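Peer 1: Sharing target-v1.cif (mmCIF, C-alpha atoms and all ligand atoms) below.
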```
data_data
loop_
_atom_site.label_atom_id
_atom_site.label_comp_id
_atom_site.auth_asym_id
_atom_site.auth_seq_id
_atom_site.Cartn_x
_atom_site.Cartn_y
_atom_site.Cartn_z
CA MET A 311 2.09 32.98 -26.15
CA GLN A 312 0.25 29.68 -26.18
CA VAL A 313 2.62 26.72 -26.47
CA VAL A 314 0.89 23.82 -28.19
CA ARG A 315 2.17 20.41 -27.21
CA GLU A 316 1.09 17.06 -28.47
CA GLU A 317 0.80 14.49 -25.70
CA TYR A 318 2.35 11.12 -26.40
CA VAL A 319 -0.50 8.70 -27.18
CA SER A 320 0.23 5.05 -26.48
CA VAL A 321 -2.00 2.42 -28.02
CA SER A 322 -3.50 1.68 -24.60
CA ALA A 323 -4.34 5.34 -23.84
CA TRP A 324 -8.02 6.00 -23.05
CA THR A 325 -9.01 8.78 -25.44
CA PHE A 326 -12.11 10.52 -26.79
CA SER A 327 -12.75 7.59 -29.12
CA ASP A 328 -13.19 5.31 -26.08
CA ILE A 329 -16.20 7.29 -24.81
CA PRO A 330 -19.23 5.11 -25.54
CA ASP A 331 -22.08 6.44 -27.66
CA GLN A 332 -24.33 8.64 -25.47
CA THR A 333 -27.34 8.87 -27.80
CA GLY A 334 -30.60 9.01 -25.86
CA ARG A 335 -28.88 9.87 -22.59
CA THR A 336 -29.42 13.07 -20.59
CA VAL A 337 -26.45 14.68 -18.86
CA VAL A 338 -26.14 17.64 -16.47
CA VAL A 339 -22.74 19.34 -16.20
CA THR A 340 -22.28 22.01 -13.54
CA GLY A 341 -19.95 24.90 -14.34
CA ALA A 342 -20.11 24.08 -18.05
CA ASN A 343 -19.60 27.57 -19.48
CA THR A 344 -15.81 27.33 -19.44
CA GLY A 345 -12.79 25.13 -18.71
CA ILE A 346 -13.20 21.44 -18.01
CA GLY A 347 -16.99 21.66 -17.68
CA ARG A 348 -17.40 23.12 -21.16
CA GLU A 349 -15.02 20.55 -22.61
CA ALA A 350 -16.97 17.72 -20.92
CA ALA A 351 -20.28 19.13 -22.20
CA THR A 352 -18.79 19.31 -25.70
CA MET A 353 -17.59 15.72 -25.55
CA PHE A 354 -20.97 14.46 -24.32
CA ALA A 355 -22.78 16.39 -27.08
CA ARG A 356 -20.39 15.09 -29.74
CA LYS A 357 -21.20 11.58 -28.52
CA GLY A 358 -24.94 12.21 -28.96
CA ALA A 359 -26.20 13.11 -25.45
CA HIS A 360 -28.74 15.77 -24.52
CA VAL A 361 -26.60 18.02 -22.32
CA VAL A 362 -27.81 20.62 -19.85
CA LEU A 363 -25.15 23.18 -19.02
CA ALA A 364 -25.85 24.25 -15.44
CA CYS A 365 -24.32 27.73 -15.17
CA ARG A 366 -24.66 30.69 -12.83
CA ASP A 367 -24.32 33.37 -15.53
CA PRO A 368 -27.01 33.06 -18.26
CA ARG A 369 -24.95 35.03 -20.77
CA LYS A 370 -21.90 32.82 -20.32
CA GLY A 371 -24.13 29.73 -20.47
CA ASP A 372 -25.69 30.84 -23.75
CA ASP A 373 -22.27 31.67 -25.22
CA ALA A 374 -21.08 28.16 -24.38
CA VAL A 375 -24.19 26.64 -25.96
CA LYS A 376 -23.54 28.61 -29.17
CA ARG A 377 -19.93 27.53 -29.19
CA ILE A 378 -20.80 23.86 -28.77
CA ARG A 379 -23.62 24.00 -31.33
CA ALA A 380 -21.21 25.54 -33.85
CA LEU A 381 -19.34 22.22 -33.78
CA ARG A 382 -22.55 20.58 -35.07
CA PRO A 383 -22.58 17.80 -32.49
CA SER A 384 -24.97 14.89 -32.93
CA GLY A 385 -26.46 15.57 -29.48
CA SER A 386 -28.30 18.64 -28.18
CA VAL A 387 -27.30 21.32 -25.67
CA ARG A 388 -29.06 23.94 -23.61
CA ALA A 389 -28.11 26.11 -20.63
CA ASP A 390 -30.06 26.49 -17.38
CA LEU A 391 -29.43 28.71 -14.39
CA LEU A 392 -27.68 27.14 -11.40
CA ASP A 393 -25.79 29.09 -8.75
CA LEU A 394 -24.22 26.59 -6.38
CA ALA A 395 -23.47 29.40 -3.95
CA ASP A 396 -27.19 29.86 -3.35
CA LEU A 397 -29.18 26.88 -2.04
CA ASP A 398 -32.41 28.50 -3.26
CA SER A 399 -31.00 28.48 -6.79
CA VAL A 400 -29.93 24.84 -6.37
CA GLY A 401 -33.44 23.91 -5.22
CA ALA A 402 -35.06 25.82 -8.10
CA PHE A 403 -32.78 24.18 -10.67
CA ALA A 404 -33.47 20.69 -9.30
CA GLU A 405 -37.22 21.27 -9.16
CA ALA A 406 -37.38 22.60 -12.73
CA PHE A 407 -35.15 19.80 -13.97
CA ARG A 408 -37.30 17.10 -12.33
CA ALA A 409 -40.42 18.70 -13.81
CA GLY A 410 -38.97 18.87 -17.31
CA HIS A 411 -37.15 15.54 -17.60
CA ASP A 412 -38.08 11.93 -17.05
CA ARG A 413 -34.49 10.72 -16.83
CA LEU A 414 -31.03 11.80 -15.73
CA ASP A 415 -28.29 9.44 -16.88
CA VAL A 416 -25.20 11.36 -15.77
CA LEU A 417 -24.76 14.13 -13.22
CA ILE A 418 -21.35 15.80 -13.46
CA ASN A 419 -20.54 17.77 -10.30
CA ASN A 420 -17.75 19.81 -11.86
CA ALA A 421 -18.14 23.50 -11.00
CA GLY A 422 -15.60 24.94 -8.63
CA VAL A 423 -13.88 27.97 -7.27
CA MET A 424 -10.26 27.98 -6.08
CA TRP A 425 -8.28 30.17 -3.70
CA SER A 426 -10.91 32.90 -3.55
CA PRO A 427 -10.53 35.67 -0.96
CA LEU A 428 -12.75 35.12 2.09
CA SER A 429 -16.31 35.47 0.93
CA ARG A 430 -19.59 33.73 1.64
CA THR A 431 -22.45 32.06 -0.17
CA LYS A 432 -25.95 33.48 0.01
CA GLN A 433 -26.65 31.32 3.06
CA GLY A 434 -23.39 32.44 4.72
CA PHE A 435 -21.08 29.45 4.14
CA GLU A 436 -17.44 30.01 3.26
CA LEU A 437 -17.48 30.28 -0.55
CA GLN A 438 -15.23 27.34 -1.53
CA PHE A 439 -16.77 24.84 0.90
CA GLY A 440 -20.24 26.19 0.14
CA THR A 441 -19.88 26.04 -3.66
CA ASN A 442 -17.61 23.07 -4.26
CA HIS A 443 -19.06 20.76 -1.62
CA LEU A 444 -22.35 21.92 -0.08
CA GLY A 445 -23.87 23.11 -3.37
CA HIS A 446 -23.14 19.77 -5.03
CA PHE A 447 -24.30 17.82 -1.96
CA ALA A 448 -27.64 19.65 -2.14
CA LEU A 449 -27.92 19.29 -5.92
CA THR A 450 -27.20 15.56 -5.95
CA GLY A 451 -29.64 14.90 -3.10
CA GLN A 452 -32.43 16.73 -4.87
CA LEU A 453 -31.79 14.97 -8.20
CA LEU A 454 -31.33 11.54 -6.59
CA PRO A 455 -34.95 10.35 -7.07
CA LEU A 456 -34.62 10.95 -10.82
CA LEU A 457 -31.18 9.33 -10.96
CA LEU A 458 -32.47 6.27 -9.11
CA ARG A 459 -35.31 5.93 -11.62
CA THR A 460 -32.90 6.01 -14.59
CA PRO A 461 -31.32 2.63 -15.38
CA GLY A 462 -27.51 2.82 -15.40
CA ALA A 463 -27.38 6.38 -14.02
CA ARG A 464 -24.10 7.70 -12.69
CA VAL A 465 -22.89 10.63 -10.56
CA THR A 466 -19.35 11.85 -11.15
CA THR A 467 -17.76 14.49 -8.95
CA MET A 468 -14.61 16.48 -9.59
CA SER A 469 -12.08 16.37 -6.78
CA SER A 470 -8.41 17.34 -6.98
CA LEU A 471 -4.89 16.34 -6.04
CA ALA A 472 -5.50 18.97 -3.33
CA GLN A 473 -7.64 16.43 -1.43
CA LYS A 474 -4.36 14.97 -0.10
CA PHE A 475 -3.67 18.17 1.82
CA GLY A 476 -7.21 18.76 3.03
CA ARG A 477 -8.48 18.56 6.60
CA ILE A 478 -12.12 18.70 7.64
CA ASP A 479 -12.32 21.00 10.67
CA PHE A 480 -15.74 20.34 12.18
CA ASP A 481 -15.17 23.06 14.79
CA ASP A 482 -14.89 25.69 12.10
CA LEU A 483 -16.04 24.41 8.70
CA ASP A 484 -16.83 27.98 7.74
CA TRP A 485 -13.64 29.74 8.77
CA ARG A 486 -15.29 31.98 11.35
CA ARG A 487 -12.76 31.33 14.12
CA ARG A 488 -9.57 30.39 12.25
CA SER A 489 -7.56 32.95 10.35
CA TYR A 490 -8.61 32.38 6.74
CA SER A 491 -6.34 30.52 4.34
CA SER A 492 -7.68 30.38 0.78
CA GLY A 493 -5.46 27.36 0.00
CA ALA A 494 -6.52 25.37 3.06
CA ALA A 495 -10.17 26.21 2.40
CA TYR A 496 -9.84 24.87 -1.17
CA ASN A 497 -8.09 21.71 0.10
CA GLN A 498 -10.88 21.15 2.63
CA SER A 499 -13.55 21.52 -0.07
CA LYS A 500 -11.82 19.09 -2.43
CA LEU A 501 -11.30 16.51 0.35
CA ALA A 502 -15.01 16.95 1.09
CA ASN A 503 -15.79 16.22 -2.59
CA MET A 504 -13.91 12.92 -2.40
CA MET A 505 -15.44 11.94 0.96
CA PHE A 506 -18.88 12.72 -0.45
CA VAL A 507 -18.32 10.29 -3.34
CA LEU A 508 -17.15 7.46 -1.09
CA GLU A 509 -19.90 8.03 1.50
CA LEU A 510 -22.60 8.23 -1.18
CA GLN A 511 -21.30 4.97 -2.61
CA ARG A 512 -21.50 3.30 0.84
CA ARG A 513 -25.03 4.61 1.45
CA LEU A 514 -26.25 3.55 -1.99
CA GLU A 515 -24.77 0.11 -1.51
CA ALA A 516 -26.37 -0.21 1.94
CA SER A 517 -29.74 0.68 0.40
CA GLY A 518 -29.34 -2.05 -2.21
CA SER A 519 -28.84 0.35 -5.13
CA ALA A 520 -26.33 -0.49 -7.86
CA MET A 521 -26.04 3.13 -8.98
CA VAL A 522 -22.44 4.04 -9.76
CA VAL A 523 -20.73 7.08 -8.22
CA THR A 524 -17.22 8.02 -9.28
CA ALA A 525 -14.68 10.80 -8.86
CA ALA A 526 -12.04 12.39 -11.04
CA HIS A 527 -9.28 14.98 -11.00
CA PRO A 528 -7.64 16.75 -13.97
CA GLY A 529 -4.07 17.04 -12.67
CA TRP A 530 -3.13 20.56 -13.67
CA THR A 531 -5.28 21.59 -16.61
CA SER A 532 -5.24 25.01 -18.20
CA SER A 533 -8.54 26.77 -17.41
CA GLU A 534 -9.97 29.85 -15.71
CA LEU A 535 -9.58 28.22 -12.28
CA THR A 536 -6.46 30.30 -11.66
CA ARG A 537 -8.46 33.55 -11.78
CA HIS A 538 -7.80 34.19 -8.05
CA SER A 539 -4.13 33.14 -8.29
CA HIS A 540 -0.92 35.11 -8.46
CA SER A 541 -0.29 36.56 -11.93
CA VAL A 542 2.75 34.27 -12.39
CA ILE A 543 0.54 31.18 -11.99
CA ARG A 544 -2.01 32.66 -14.38
CA ARG A 545 0.70 33.19 -17.01
CA VAL A 546 2.37 29.80 -16.51
CA SER A 547 -0.80 27.71 -16.44
CA PRO A 548 -1.57 27.75 -20.19
CA VAL A 549 2.04 26.73 -20.85
CA VAL A 550 2.52 23.90 -18.37
CA GLY A 551 -1.08 22.81 -17.80
CA LEU A 552 -2.74 20.04 -19.76
CA LYS A 553 -4.91 21.14 -22.64
CA PRO A 554 -8.59 20.80 -21.62
CA GLU A 555 -9.13 18.18 -24.38
CA ILE A 556 -6.76 15.90 -22.45
CA GLY A 557 -7.28 17.10 -18.87
CA THR A 558 -11.02 16.42 -19.17
CA LEU A 559 -10.61 12.78 -20.17
CA GLY A 560 -10.29 11.54 -16.58
CA LEU A 561 -13.70 13.04 -15.82
CA MET A 562 -15.13 11.50 -18.99
CA ARG A 563 -13.68 8.11 -18.14
CA ALA A 564 -15.12 8.28 -14.61
CA ALA A 565 -18.49 9.26 -16.08
CA THR A 566 -18.76 6.87 -19.01
CA ASP A 567 -16.33 3.95 -18.89
CA PRO A 568 -18.48 0.86 -18.29
CA THR A 569 -15.60 -0.76 -16.40
CA ALA A 570 -15.32 2.12 -13.87
CA SER A 571 -16.63 0.70 -10.61
CA SER A 572 -18.53 2.63 -7.97
CA GLY A 573 -16.17 4.53 -5.69
CA SER A 574 -13.40 4.63 -8.32
CA TYR A 575 -11.28 7.72 -8.95
CA TRP A 576 -9.67 8.71 -12.24
CA GLY A 577 -7.02 11.20 -13.31
CA PRO A 578 -3.94 11.66 -15.51
CA GLY A 579 -1.76 8.57 -15.30
CA ARG A 580 1.79 9.91 -15.50
CA PHE A 581 4.26 12.08 -13.57
CA PHE A 582 2.58 12.06 -10.16
CA GLU A 583 -0.86 12.15 -11.81
CA THR A 584 -0.26 15.50 -13.46
CA ARG A 585 0.22 14.43 -17.07
CA GLY A 586 -1.08 12.04 -19.63
CA TYR A 587 -4.19 10.08 -20.36
CA PRO A 588 -6.54 8.86 -17.63
CA SER A 589 -6.04 5.90 -15.41
CA SER A 590 -6.98 4.88 -11.89
CA ALA A 591 -5.94 7.64 -9.43
CA ARG A 592 -4.89 7.35 -5.79
CA ILE A 593 -7.48 8.20 -3.17
CA SER A 594 -5.90 9.95 -0.19
CA ARG A 595 -5.90 8.14 3.16
CA ARG A 596 -7.77 11.04 4.72
CA ALA A 597 -10.61 10.60 2.25
CA GLU A 598 -10.97 6.99 3.33
CA ASP A 599 -11.74 7.90 6.96
CA ILE A 600 -15.28 6.54 7.26
CA THR A 601 -15.96 8.20 10.62
CA VAL A 602 -15.15 11.68 9.33
CA ALA A 603 -17.03 10.99 6.08
CA ALA A 604 -20.19 9.93 7.94
CA ARG A 605 -20.05 13.01 10.14
CA LEU A 606 -19.41 15.28 7.16
CA TRP A 607 -22.47 13.76 5.48
CA GLU A 608 -24.69 14.43 8.50
CA GLU A 609 -23.39 17.97 8.91
CA SER A 610 -23.86 18.67 5.19
CA SER A 611 -27.43 17.41 5.41
CA VAL A 612 -28.16 19.72 8.33
CA LEU A 613 -26.40 22.73 6.78
CA THR A 614 -28.18 22.38 3.44
CA GLY A 615 -31.48 21.04 4.78
CA VAL A 616 -31.34 18.31 2.12
CA ALA A 617 -32.26 14.78 3.19
CA TYR A 618 -31.34 11.97 0.79
CA ALA A 619 -34.14 9.60 -0.24
CA PHE A 620 -32.55 6.21 -0.88
CA VAL A 621 -34.75 3.35 -2.02
CA GLY A 622 -37.18 2.62 0.81
CA ARG A 623 -35.38 4.96 3.23
CA THR A 624 -35.35 8.74 3.55
CA GLU A 625 -32.66 10.24 5.75
CA ARG A 626 -33.61 13.04 8.07
CA ALA A 627 -31.71 16.32 8.19
CA THR A 628 -31.59 16.33 11.98
CA ASP A 629 -30.17 19.12 14.10
CA VAL A 630 -26.56 18.68 15.12
N1 LIG B 1 -7.90 23.08 -13.74
C1 LIG B 1 -7.22 22.32 -12.87
O1 LIG B 1 -6.01 22.13 -12.95
C2 LIG B 1 -7.96 21.67 -11.75
C3 LIG B 1 -7.24 20.90 -10.84
C4 LIG B 1 -7.90 20.23 -9.84
C5 LIG B 1 -9.28 20.31 -9.76
N2 LIG B 1 -9.97 21.07 -10.64
C6 LIG B 1 -11.43 21.14 -10.51
O2 LIG B 1 -12.04 21.05 -11.78
C7 LIG B 1 -13.30 21.72 -11.73
C8 LIG B 1 -13.46 22.61 -12.95
O3 LIG B 1 -12.52 23.64 -12.86
P1 LIG B 1 -11.86 24.34 -14.14
O4 LIG B 1 -10.43 24.07 -14.04
O5 LIG B 1 -12.58 24.01 -15.37
O6 LIG B 1 -12.07 25.88 -13.72
P2 LIG B 1 -12.85 27.08 -14.43
O7 LIG B 1 -12.40 27.20 -15.84
O8 LIG B 1 -12.68 28.25 -13.53
O9 LIG B 1 -14.36 26.60 -14.42
C9 LIG B 1 -15.10 26.58 -13.20
C10 LIG B 1 -16.56 26.58 -13.53
O10 LIG B 1 -17.30 26.55 -12.29
C11 LIG B 1 -18.28 27.57 -12.36
N3 LIG B 1 -18.70 28.04 -11.05
C12 LIG B 1 -17.98 28.67 -10.11
N4 LIG B 1 -18.77 29.02 -9.08
C13 LIG B 1 -20.03 28.61 -9.39
C14 LIG B 1 -21.29 28.70 -8.76
N5 LIG B 1 -21.44 29.33 -7.59
N6 LIG B 1 -22.37 28.17 -9.36
C15 LIG B 1 -22.25 27.56 -10.56
N7 LIG B 1 -21.09 27.46 -11.23
C16 LIG B 1 -20.00 27.98 -10.64
C17 LIG B 1 -17.63 28.68 -13.17
O11 LIG B 1 -18.60 29.60 -13.63
P3 LIG B 1 -18.20 31.17 -13.89
O12 LIG B 1 -17.44 31.18 -15.16
O13 LIG B 1 -19.53 31.85 -13.97
O14 LIG B 1 -17.38 31.60 -12.73
C18 LIG B 1 -17.01 27.85 -14.28
O15 LIG B 1 -17.98 27.49 -15.22
C19 LIG B 1 -13.35 22.44 -10.39
O16 LIG B 1 -14.12 21.68 -9.48
C20 LIG B 1 -11.91 22.45 -9.93
O17 LIG B 1 -11.79 22.49 -8.53
C21 LIG B 1 -9.34 21.75 -11.65
#
```
Written as structure tokens, that's how I'd like the structure from this file.
Ligand SMILES: NC(=O)c1ccc[n+]([C@@H]2O[C@H](COP(=O)([O-])OP(=O)(O)OC[C@H]3O[C@@H](n4cnc5c(N)ncnc54)[C@H](OP(=O)(O)O)[C@@H]3O)[C@@H](O)[C@H]2O)c1
Peer 2:
Amino acid sequence: MQVVREEYVSVSAWTFSDIPDQTGRTVVVTGANTGIGREAATMFARKGAHVVLACRDPRKGDDAVKRIRALRPSGSVRADLLDLADLDSVGAFAEAFRAGHDRLDVLINNAGVMWSPLSRTKQGFELQFGTNHLGHFALTGQLLPLLLRTPGARVTTMSSLAQKFGRIDFDDLDWRRRSYSSGAAYNQSKLANMMFVLELQRRLEASGSAMVVTAAHPGWTSSELTRHSHSVIRRVSPVVGLKPEIGTLGLMRAATDPTASSGSYWGPGRFFETRGYPSSARISRRAEDITVAARLWEESSVLTGVAYAFVGRTERATDV
């Protein structure tokens, strides 16, 4: 049974009505066929954006497009194929997108997998690290030239409260030596998401770019993310989790609020960041380790073969 709760809305709460008009803007949302990604794509389309739903299953992508179009949004939506667990697919998506668009205003790195049994991406990386972090690292790097050419462009990446518990193990990023823990692998991938945001912000700033990169988390929001969880969690989640219309607002604030500065992080503002409307969230101390973040960046560049082209400077994906 679905329990419907109304969240208390204070006058200062940041809600859907605070999202600025997005008419004329182009937005890519990864993992937009369900959950938070679909809700974000819906909100962008309702605010007038042209939204590309980047999904790995064409049927699910088309279903989501139909569902959003049925709401008669003022913006437009379409679905394109993107499998973040396959770097060839990431490269093909980025190439086709660059060929077909002359601007990219907002890139939402949202797609994710949680607590999956040990499995590997097409290139052999542990699935959660490979999808949640490496796939988005490769995607962002390959769309960066277009983002840099678009005035006011922004990249927003979904992290998690789980970043606090993450640890980047450079000796075994891929869980080949350690005994596999699906929870620890998820925590590592979500810490990597946050470190990626902060390191990208530092590198953009060093290159003289004012492009804004932000992060968000949705507290505990009811979605399909629990598909690999114990059946009790799957049953409880729709009852205790935030409704996607509210849980997605932190991501929307990070992606659209003009006052959100580069490197900022947004999530639910109440009860240890698990409930309520979005406000500034706490970045874990581990995520602020600049030495680890720089090394993670270099390793990610080597593992994906993607070198970032900042203004006037292209990084090289050197061998470790
Ligand atoms: N819900 C929460 O409480 C919560 C908490 C913290 C963080 N998050 C983060 O929020 C983000 C969205 O999660 P959600 O809660 O909306 O979960 P969800 O309902 O399971 O949605 C995840 C989306 O990611 C897509 N995806 C998974 N693997 C992919 C791949 N290889 N290539 C492309 N897309 C892929 C899924 O596509 P398929 O349907 O085809 O699998 C789906 O569209 C994730 O990054 C998650 O870690 C969520």
Peer 1: Go ahead and compute the interatomic distance for CA of Glu436 in chain A and CA of Lys370 in chain A, in Å to one decimal.
Peer 2: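 One can read the CA of Glu436 in chain A to CA of Lys370 in chain A distance as 24.2 Å.
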Peer 1: Smallest atom-to-atom distance to Asn343 in chain A: which of A:Arg544, A:Arg430, A:Arg377, A:His446, using all atoms listed in the file?
Peer 2: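 Once distances to Asn343 in chain A are computed over all atoms listed in the file, the minimum belongs to A:Arg377.
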Peer 1: Would you list the contacts of Arg580 in chain A as a list of chain:residue names, taking every protein, DNA or RNA residue within 10 Å and counting all atoms listed in the file, but skipping same-chain residues closer than 6 positions in sequence?
Peer 2: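 Within the cut-off, the hits are A:Gly529, A:Gly586, A:Tyr587, A:Pro588, A:Ser589.
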Peer 1: Can you write just those residues out, C-alpha atoms, as a PDB file, keeping the file's coordinate frame?
Peer 2:
```pdb
ATOM      1  CA  GLY A 529      -4.070  17.040 -12.670  1.00  0.00           C
ATOM      2  CA  GLY A 586      -1.080  12.040 -19.630  1.00  0.00           C
ATOM      3  CA  TYR A 587      -4.190  10.080 -20.360  1.00  0.00           C
ATOM      4  CA  PRO A 588      -6.540   8.860 -17.630  1.00  0.00           C
ATOM      5  CA  SER A 589      -6.040   5.900 -15.410  1.00  0.00           C
TER       6      SER A 589
END
```
Peer 1: Using all atoms listed in the file, find each residue of chain A with at least one atom at most 6 Å away from an atom of ligand LIG 1 (chain B); report its shortest atom-to-atom pair and that distance in Å (one decimal), sort the rows by chain and rising residue number, and return the result as CSV.
Peer 2:
```
residue,atom,partner,partner_atom,distance
A:Gly341,CA,B:LIG1,O15,3.4
A:Ala342,CA,B:LIG1,O15,4.9
A:Asn343,CA,B:LIG1,O15,4.6
A:Thr344,CA,B:LIG1,O15,4.7
A:Gly345,CA,B:LIG1,O5,3.5
A:Ile346,CA,B:LIG1,O5,3.7
A:Gly347,CA,B:LIG1,O5,5.5
A:Cys365,CA,B:LIG1,C15,5.1
A:Arg366,CA,B:LIG1,C15,4.6
A:Asp367,CA,B:LIG1,O13,5.3
A:Leu392,CA,B:LIG1,C15,5.5
A:Asp393,CA,B:LIG1,N6,3.6
A:Leu394,CA,B:LIG1,N6,3.8
A:Ala395,CA,B:LIG1,N5,4.2
A:Asn420,CA,B:LIG1,O16,4.7
A:Ala421,CA,B:LIG1,O10,3.4
A:Gly422,CA,B:LIG1,O16,3.7
A:Val423,CA,B:LIG1,C12,5.0
A:Thr441,CA,B:LIG1,N5,5.4
A:Met468,CA,B:LIG1,O16,5.2
A:Ser469,CA,B:LIG1,C5,5.7
A:Ser470,CA,B:LIG1,C4,4.1
A:His527,CA,B:LIG1,C5,5.5
A:Pro528,CA,B:LIG1,C3,5.2
A:Gly529,CA,B:LIG1,C3,5.3
A:Trp530,CA,B:LIG1,O1,3.4
A:Thr531,CA,B:LIG1,O1,3.8
A:Ser532,CA,B:LIG1,N1,5.5
A:Ser533,CA,B:LIG1,O7,4.2
A:Glu534,CA,B:LIG1,O7,3.6
A:Leu535,CA,B:LIG1,O8,3.3
```
Peer 1: Find, counting all atoms listed in the file, the residue in A:Ser610, A:Ser539, A:Thr584, A:Gln511 that gets nearest to Ile478 in chain A.
Peer 2: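 Nearest candidate to Ile478 in chain A out of A:Ser610, A:Ser539, A:Thr584, A:Gln511: A:Ser610.
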Peer 1: Quick one: axis-aligned box around all listed atoms of range 468-477 of chain A, 3 Å on every side, centre and edge lengths in Å to one decimal, written as AutoDock Vina command-line options.
Peer 2:
```
--center_x -9.1 --center_y 17.0 --center_z -1.5 --size_x 16.9 --size_y 10.0 --size_z 22.2
```
Peer 1: For a quick check of understanding, using all atoms listed in the file, which of A:Ala570, A:Ala364, A:Leu508, A:Leu453 has the smallest distance to Arg388 in chain A?
Peer 2: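 Closest to Arg388 in chain A, using all atoms listed in the file: A:Ala364.
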Peer 1: What is the distance, in Å and to one decimal place, between CA of Ser386 in chain A and CA of Ala374 in chain A?
Peer 2: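 About the pair CA of Ser386 in chain A and CA of Ala374 in chain A: they are 12.5 Å apart.
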Peer 1: Go ahead and compute the interatomic distance for CA of Ile593 in chain A and CA of Pro568 in chain A, in Å to one decimal.
Peer 2: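 Between these atoms lies a distance of 20.1 Å.
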Peer 1: So which one's closest to Ala406 in chain A, A:Ala520, A:Thr558, A:Gln452, A:Val361? Using all atoms listed in the file, please.
Peer 2: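 Checking each of A:Ala520, A:Thr558, A:Gln452, A:Val361 against Ala406 in chain A, counting all atoms listed in the file, the winner is A:Gln452.
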Peer 1: Set the distance at 8 Å and use only C-alpha atoms: which residues neighbour Met505 in chain A once local chain neighbours fewer than 2 positions away are removed? I'd like the list as a list in words.
Peer 2: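 So, after excluding close chain neighbours, the residues are Leu501, Ala502, Asn503, Val507, Leu508, Glu509, Ala597, Glu598 and Ala603 of chain A.
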Peer 1: Between A:Phe435, A:Tyr490, A:Trp324, A:Phe407, which residue has the minimum interatomic distance to Pro578 in chain A, considering all atoms listed in the file?
Peer 2: A:Trp324
Peer 1: Please check which residues have atoms at most 7 Å from (-8.7, 32.0, 0.9) in the file's coordinates, counting only C-alpha atoms, and write them as a count of residues only.
Peer 2: 9
Peer 1: I'd like to know which of A:Arg413, A:Arg537, A:Arg486, A:Arg563 is closest to Ala463 in chain A, using all atoms listed in the file.
Peer 2: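 Result for the nearest residue to Ala463 in chain A: A:Arg413.
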Peer 1: Within 9 Å of Thr566 in chain A, counting all atoms listed in the file, which residues show up once you throw out same-chain ones fewer than 5 positions away? Write them as a list in words, please.
Peer 2: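 The residues that qualify are Ile329, Pro330, Gln332, Val416, Arg464 and Leu561 of chain A.
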Peer 1: Kindly write range 419-431 of chain A with N, CA and C atoms to a file, as a JSON list (two decimals), in the first residue's frame.
Peer 2:
```
[["chain", "number", "residue", "atom", "x", "y", "z"],
["A", 419, "ASN", "N", 24.40, 14.22, -14.49],
["A", 419, "ASN", "CA", 24.98, 12.88, -14.29],
["A", 419, "ASN", "C", 24.23, 12.20, -13.16],
["A", 420, "ASN", "N", 23.13, 11.56, -13.51],
["A", 420, "ASN", "CA", 22.22, 11.02, -12.48],
["A", 420, "ASN", "C", 22.22, 9.50, -12.39],
["A", 421, "ALA", "N", 22.37, 8.81, -13.51],
["A", 421, "ALA", "CA", 22.17, 7.35, -13.52],
["A", 421, "ALA", "C", 23.02, 6.66, -12.46],
["A", 422, "GLY", "N", 22.49, 5.57, -11.94],
["A", 422, "GLY", "CA", 23.27, 4.86, -10.93],
["A", 422, "GLY", "C", 22.73, 3.47, -10.66],
["A", 423, "VAL", "N", 23.62, 2.67, -10.12],
["A", 423, "VAL", "CA", 23.24, 1.32, -9.71],
["A", 423, "VAL", "C", 23.75, 1.15, -8.28],
["A", 424, "MET", "N", 22.96, 0.48, -7.44],
["A", 424, "MET", "CA", 23.32, 0.37, -6.02],
["A", 424, "MET", "C", 23.26, -1.09, -5.55],
["A", 425, "TRP", "N", 24.33, -1.46, -4.84],
["A", 425, "TRP", "CA", 24.39, -2.75, -4.13],
["A", 425, "TRP", "C", 24.21, -3.94, -5.07],
["A", 426, "SER", "N", 24.68, -3.81, -6.28],
["A", 426, "SER", "CA", 24.55, -4.93, -7.22],
["A", 426, "SER", "C", 25.52, -6.05, -6.83],
["A", 427, "PRO", "N", 25.17, -7.30, -7.13],
["A", 427, "PRO", "CA", 26.12, -8.40, -6.94],
["A", 427, "PRO", "C", 27.35, -8.14, -7.81],
["A", 428, "LEU", "N", 28.47, -8.75, -7.46],
["A", 428, "LEU", "CA", 29.71, -8.49, -8.22],
["A", 428, "LEU", "C", 29.48, -8.77, -9.71],
["A", 429, "SER", "N", 29.64, -7.74, -10.48],
["A", 429, "SER", "CA", 29.55, -7.89, -11.94],
["A", 429, "SER", "C", 30.39, -6.78, -12.55],
["A", 430, "ARG", "N", 30.60, -6.86, -13.86],
["A", 430, "ARG", "CA", 31.58, -5.96, -14.48],
["A", 430, "ARG", "C", 31.01, -5.27, -15.71],
["A", 431, "THR", "N", 31.55, -4.10, -15.98],
["A", 431, "THR", "CA", 31.16, -3.37, -17.19],
["A", 431, "THR", "C", 31.78, -4.06, -18.39]]
```
